[in-house]
Amino acid sequence: MHPVSIFWFRRDLRLNDNAALYHALKNSKSVLPVFIFDTEILNDLEDKNDKRVSFIHDTIKSLKIELENLGSSLYVLNSTPIEAFKKLCEEFSEIKAVYTNHDYEPYAIGRDTEVTRFLKEKNISFHSFKDQVIFEKEEIVKPDGSPYIVYTPYSKKWKEKLDDFYLKSYPTEKYFTSLFQTNPFYFPTIEEIGFKKSNYDIADKTPDLAVIKNYHKTRDIPAINGTSKLSVHLRFGTISIRELVKIALVQNEKYLNELIWREFYMQILWHFPHVVNQSFRKEYDLIEWRNNEGEFEKWCDGKTGYPIVDAGMRELNQNGWMHNRVRMIVASFLTKHLLIDWRWGEAYFAKKLLDFELSSNNGSWQWCAGTGCDASPYFRVFNPYIQTEKFDKDRAYIQKWVPEYQDPFAYPEPMVEHSFARKRAIEIYQKALK
Ligand SMILES: Cc1cc2nc3c(=O)[nH]c(=O)nc-3n(C[C@H](O)[C@H](O)[C@H](O)COP(=O)(O)OP(=O)(O)OC[C@H]3O[C@@H](n4cnc5c(N)ncnc54)[C@H](O)[C@@H]3O)c2cc1C
């Protein structure tokens, strides 16, 4: 058997404009594409009907077919990454190098350190590339080299630094002849990886240009199709960030700003990994959360008696997605009205969101709770009624998800009165911060 190089797919599930795949194909004669269903991650998912696993399974199957049309295939493993590489070393007598794209989450950094160490012992080199962001790590920092913790100056610097170099696509297709040629490999069923097939409803990965063009006018109205719904594709890399930024630059600056928020939170997580378990501002960890489990359950189930909150939670529970405006409302309600620790809400979203992304989820929860880097001030307590008046004036969104909201026999009373809850939240926050 000829020596091979491995290309390891992770959160970059596409063949086009893929940085590490391009470098692998360009530098090797025979590139074996690999995907690992990582049992370290999958074993922690309680719900065996997880929509994300079905989405990944389907996406991997399509990638495998694409590769088979090119005379290659995709080698799929179901184990820990270390066990997977041990198996690959047994199956392929000579592996020269492993190529992959950077992943900035704490678990991924530990995993890659362990894999690199293992490969080094076997004399196999490990090459990792920037792919899921335009700018990473220390690329956008203050003049003194420290990270930005406020979005506006970060985004200003981001825009100043951007040029054609950072947006250039990686033309992988020029080198597809370097793919390892083989008969199709085995593909495990979803049951074999311990899950059940689950239905999901995910927008197409082709950006809707009309939506992006009008984004600044429509983005805050949850009842209409006014946002791009590309978050899941960005999360799993089924679209390229470079392609999307090129579109945003032509179509809509407000949309570009949202893509920059994504990178802002990624670099916050990279520079300040303590945010995974603690408040960005440590003094906020002194807040005396009420953490009432019964109230938390009502919030999760969409039975708070606040129609806009309940509509959002029901959308999340049913579709694994929630409109951004409503995510802010429900997060503010949980942390301020109910004084429940933002980590509880963050964990619930992590379980349910198809687009769950540690950096954005953590950053946004801390923003809403007021504990984060560039956060909403603690005394800003969203009034769900005013939010409804502004963003769901004719109640179309509420009507869709909470059709019984006007029926006093079917719909509960508000679980807590707004003015009372607002005053209580401000007092508890003030007590912690004095
Ligand atoms: C409490 C809370 C939790 C969140 N958790 C996540 C999460 O786990 N994963 C996630 O991708 N987004 C998260 N967001 C951000 C935002 O709500 C979603 O990215 C957005 O709703 C996805 O829908 P879209 O693709 O139509 O977004 P669009 O409005 O079309 O925006 C385009 C893209 O920009 C990025 N983006 C938009 N808003 C934000 C933001 N505030 N922060 C970071 N990136 C943003 C996303 O990648 C999004 O796909 C969260 C927001 C809140 C308030």
# chains A, B, ... in the order shown; residues from 1 in each chain; ligands from 1

$ residues_near_ligand --ligand "ligand 1" --cutoff "8 Å" --atoms "only C-alpha atoms and all ligand atoms" --output "PDB file with C-alpha atoms, in the first residue's frame"
ATOM      1  CA  ILE A 212     -29.481  39.179   3.612  1.00  0.00           C
ATOM      2  CA  TYR A 215     -31.491  41.996   6.975  1.00  0.00           C
ATOM      3  CA  ARG A 219     -33.778  40.809  11.590  1.00  0.00           C
ATOM      4  CA  GLY A 226     -35.955  37.817   8.233  1.00  0.00           C
ATOM      5  CA  THR A 227     -32.654  36.194   9.243  1.00  0.00           C
ATOM      6  CA  SER A 228     -30.366  33.946   7.233  1.00  0.00           C
ATOM      7  CA  LYS A 229     -30.846  30.720   9.298  1.00  0.00           C
ATOM      8  CA  LEU A 230     -27.290  29.765   8.425  1.00  0.00           C
ATOM      9  CA  SER A 231     -26.082  29.270  12.000  1.00  0.00           C
ATOM     10  CA  VAL A 232     -26.209  25.466  11.808  1.00  0.00           C
ATOM     11  CA  HIS A 233     -24.203  25.511   8.583  1.00  0.00           C
ATOM     12  CA  LEU A 234     -21.623  27.821  10.120  1.00  0.00           C
ATOM     13  CA  ARG A 235     -21.438  25.576  13.171  1.00  0.00           C
ATOM     14  CA  TYR A 255     -25.249  41.203   8.542  1.00  0.00           C
ATOM     15  CA  LEU A 256     -21.461  41.424   8.407  1.00  0.00           C
ATOM     16  CA  ASN A 257     -21.528  42.810  11.959  1.00  0.00           C
ATOM     17  CA  GLU A 258     -23.291  39.660  13.161  1.00  0.00           C
ATOM     18  CA  LEU A 259     -20.636  37.462  11.576  1.00  0.00           C
ATOM     19  CA  ILE A 260     -18.081  39.564  13.455  1.00  0.00           C
ATOM     20  CA  TRP A 261     -19.939  38.979  16.753  1.00  0.00           C
ATOM     21  CA  ARG A 262     -19.396  35.274  16.118  1.00  0.00           C
ATOM     22  CA  GLU A 263     -15.649  35.786  15.821  1.00  0.00           C
ATOM     23  CA  PHE A 264     -15.614  38.197  18.754  1.00  0.00           C
ATOM     24  CA  TYR A 265     -17.017  35.500  21.050  1.00  0.00           C
ATOM     25  CA  TRP A 321     -33.753  26.845  16.872  1.00  0.00           C
ATOM     26  CA  MET A 322     -34.999  30.168  18.224  1.00  0.00           C
ATOM     27  CA  HIS A 323     -34.980  33.642  16.750  1.00  0.00           C
ATOM     28  CA  ASN A 324     -32.169  35.846  18.142  1.00  0.00           C
ATOM     29  CA  ARG A 325     -34.468  38.576  19.510  1.00  0.00           C
ATOM     30  CA  VAL A 326     -36.458  35.949  21.394  1.00  0.00           C
ATOM     31  CA  ARG A 327     -33.278  34.228  22.637  1.00  0.00           C
ATOM     32  CA  MET A 328     -32.432  37.563  24.286  1.00  0.00           C
ATOM     33  CA  ILE A 329     -35.898  37.895  25.812  1.00  0.00           C
ATOM     34  CA  VAL A 330     -36.006  34.380  27.280  1.00  0.00           C
ATOM     35  CA  ALA A 331     -32.435  34.646  28.591  1.00  0.00           C
ATOM     36  CA  GLY A 345     -30.068  28.415  30.764  1.00  0.00           C
ATOM     37  CA  GLU A 346     -26.841  28.044  28.835  1.00  0.00           C
ATOM     38  CA  PHE A 349     -29.740  25.788  25.152  1.00  0.00           C
ATOM     39  CA  ALA A 350     -26.643  23.617  24.632  1.00  0.00           C
ATOM     40  CA  LEU A 353     -29.961  24.162  19.924  1.00  0.00           C
ATOM     41  CA  LEU A 354     -29.051  22.663  16.571  1.00  0.00           C
ATOM     42  CA  ASP A 355     -26.652  25.570  16.113  1.00  0.00           C
ATOM     43  CA  PHE A 356     -25.157  25.172  19.595  1.00  0.00           C
ATOM     44  CA  GLU A 357     -21.780  26.830  19.563  1.00  0.00           C
ATOM     45  CA  LEU A 358     -19.948  27.055  22.889  1.00  0.00           C
ATOM     46  CA  SER A 359     -18.448  30.492  22.270  1.00  0.00           C
ATOM     47  CA  SER A 360     -21.614  32.220  20.961  1.00  0.00           C
ATOM     48  CA  ASN A 361     -23.890  30.516  23.456  1.00  0.00           C
ATOM     49  CA  ASN A 362     -21.700  31.307  26.424  1.00  0.00           C
ATOM     50  CA  GLY A 363     -20.953  34.848  25.241  1.00  0.00           C
ATOM     51  CA  SER A 364     -24.619  35.601  24.551  1.00  0.00           C
ATOM     52  CA  TRP A 365     -25.859  34.148  27.835  1.00  0.00           C
ATOM     53  CA  GLN A 366     -23.311  36.189  29.723  1.00  0.00           C
ATOM     54  CA  TRP A 367     -24.322  39.234  27.671  1.00  0.00           C
ATOM     55  CA  CYS A 368     -27.972  38.786  28.640  1.00  0.00           C
TER      56      CYS A 368
END

$ residues_around --residues "Pro153 (chain A)" --least-positions-apart "3" --cutoff "12 Å" --atoms "only C-alpha atoms" --output "MDAnalysis selection string"
chainID A and resid 140:143 147:150 156:160 260:261 264 374

$ residues_around --residues "region 194-197 of chain A" --least-positions-apart "2" --cutoff "7 Å" --atoms "only C-alpha atoms" --output "list of chain:residue names"
A:Lys48, A:Asn49, A:Ser54, A:Ile190, A:Glu191, A:Glu192, A:Asn199

$ closest_residue --among "A:Leu316, A:Val245, A:Val31, A:Val381" --to "Lys336 (chain A)" --atoms "only C-alpha atoms"
A:Val381

$ atom_distance --atom1 "CA of Asn292 (chain A)" --atom2 "CA of His337 (chain A)"
11.8 Å

$ select_by_dssp --residues "region 37-233 of chain A" --states "strand (DSSP E)" --output "mmCIF file with C-alpha atoms, in the first residue's frame"
data_model
loop_
_atom_site.group_PDB
_atom_site.id
_atom_site.type_symbol
_atom_site.label_atom_id
_atom_site.label_comp_id
_atom_site.auth_asym_id
_atom_site.auth_seq_id
_atom_site.Cartn_x
_atom_site.Cartn_y
_atom_site.Cartn_z
ATOM 1 C CA PHE A 37 -17.938 9.960 15.565
ATOM 2 C CA ASP A 38 -16.243 10.950 18.817
ATOM 3 C CA TYR A 75 -13.249 6.360 6.322
ATOM 4 C CA VAL A 76 -15.696 6.682 9.218
ATOM 5 C CA LEU A 77 -14.832 5.591 12.752
ATOM 6 C CA ASN A 78 -16.855 5.463 15.942
ATOM 7 C CA SER A 79 -14.565 5.676 18.965
ATOM 8 C CA ILE A 95 0.741 7.361 7.302
ATOM 9 C CA LYS A 96 2.892 10.389 6.586
ATOM 10 C CA ALA A 97 0.851 13.245 7.989
ATOM 11 C CA VAL A 98 -2.506 14.274 9.433
ATOM 12 C CA TYR A 99 -4.170 17.504 8.268
ATOM 13 C CA THR A 100 -7.054 19.208 9.975
ATOM 14 C CA ASN A 101 -8.558 22.643 10.751
ATOM 15 C CA SER A 125 3.311 14.985 11.477
ATOM 16 C CA PHE A 126 0.185 16.948 12.461
ATOM 17 C CA HIS A 127 -0.816 20.103 10.541
ATOM 18 C CA SER A 128 -3.679 22.324 11.589
ATOM 19 C CA PHE A 129 -5.054 25.416 9.780
#

$ atom_distance --atom1 "CA of Phe35 (chain A)" --atom2 "CA of Phe187 (chain A)"
10.6 Å

$ residues_around --residues "region 82-84 of chain A" --least-positions-apart "6" --cutoff "8 Å" --atoms "only C-alpha atoms" --output "PyMOL selection string"
chain A and resi 36+114-115+118

$ write_last_selection --atoms "C-alpha atoms" --output "compact mmCIF listing (two decimals), in the first residue's frame"
# COMPACT_ATOMS: atom_id res chain seq x y z
CA ILE A 36 -14.64 10.19 13.69
CA GLU A 114 -3.20 14.28 22.92
CA VAL A 115 -3.52 13.22 19.27
CA PHE A 118 0.43 10.08 19.88

$ residues_around --residues "region 174-176 of chain A" --least-positions-apart "6" --cutoff "9 Å" --atoms "only C-alpha atoms" --output "PDB file with N, CA and C atoms, in the first residue's frame"
ATOM      1  N   TYR A  22      -7.278  21.575   1.409  1.00  0.00           N
ATOM      2  CA  TYR A  22      -6.477  22.128   0.305  1.00  0.00           C
ATOM      3  C   TYR A  22      -4.988  21.838   0.533  1.00  0.00           C
ATOM      4  N   LEU A  25      -4.193  18.088   0.107  1.00  0.00           N
ATOM      5  CA  LEU A  25      -4.220  17.621  -1.297  1.00  0.00           C
ATOM      6  C   LEU A  25      -3.024  18.169  -2.067  1.00  0.00           C
ATOM      7  N   LYS A  26      -2.654  19.388  -1.751  1.00  0.00           N
ATOM      8  CA  LYS A  26      -1.564  20.027  -2.486  1.00  0.00           C
ATOM      9  C   LYS A  26      -0.211  19.393  -2.140  1.00  0.00           C
ATOM     10  N   LEU A  70     -15.730  10.881  -6.796  1.00  0.00           N
ATOM     11  CA  LEU A  70     -14.377  11.278  -7.225  1.00  0.00           C
ATOM     12  C   LEU A  70     -13.420  10.087  -7.157  1.00  0.00           C
TER      13      LEU A  70
END

$ select_by_dssp --residues "region 151-359 of chain A" --states "helix (DSSP H, G or I)" --output "PyMOL selection string"
chain A and resi 151-161+164-167+172-178+209-213+215-218+231-236+241-251+253-271+273-276+282-286+293-301+307-319+324-337+342-352+358-359

$ residues_around --residues "Phe296 (chain A)" --least-positions-apart "6" --cutoff "9 Å" --atoms "only C-alpha atoms" --output "PyMOL selection string"
chain A and resi 334+338+340+344-345

$ residues_around --residues "region 311-313 of chain A" --least-positions-apart "5" --cutoff "7 Å" --atoms "only C-alpha atoms" --output "list of chain:residue names"
A:Cys300, A:Asp301, A:Gly302, A:Met322, A:Val326, A:Ile398, A:Trp401, A:Val402

$ atom_distance --atom1 "CA of Pro384 (chain A)" --atom2 "CA of Pro408 (chain A)"
18.7 Å

$ closest_residue --among "A:Lys400, A:Val309, A:Phe379, A:Ile6" --to "Val34 (chain A)" --atoms "only C-alpha atoms"
A:Ile6

$ closest_residue --among "A:Thr172, A:Glu66, A:Ser146, A:Glu91" --to "Leu21 (chain A)" --atoms "only C-alpha atoms"
A:Thr172

$ closest_residue --among "A:Ser279, A:Gln132, A:Ser73, A:Ser93" --to "Arg11 (chain A)" --atoms "only C-alpha atoms"
A:Gln132

$ closest_residue --among "A:Cys373, A:Leu244, A:Ile221, A:Ile193" --to "Thr206 (chain A)" --atoms "only C-alpha atoms"
A:Leu244
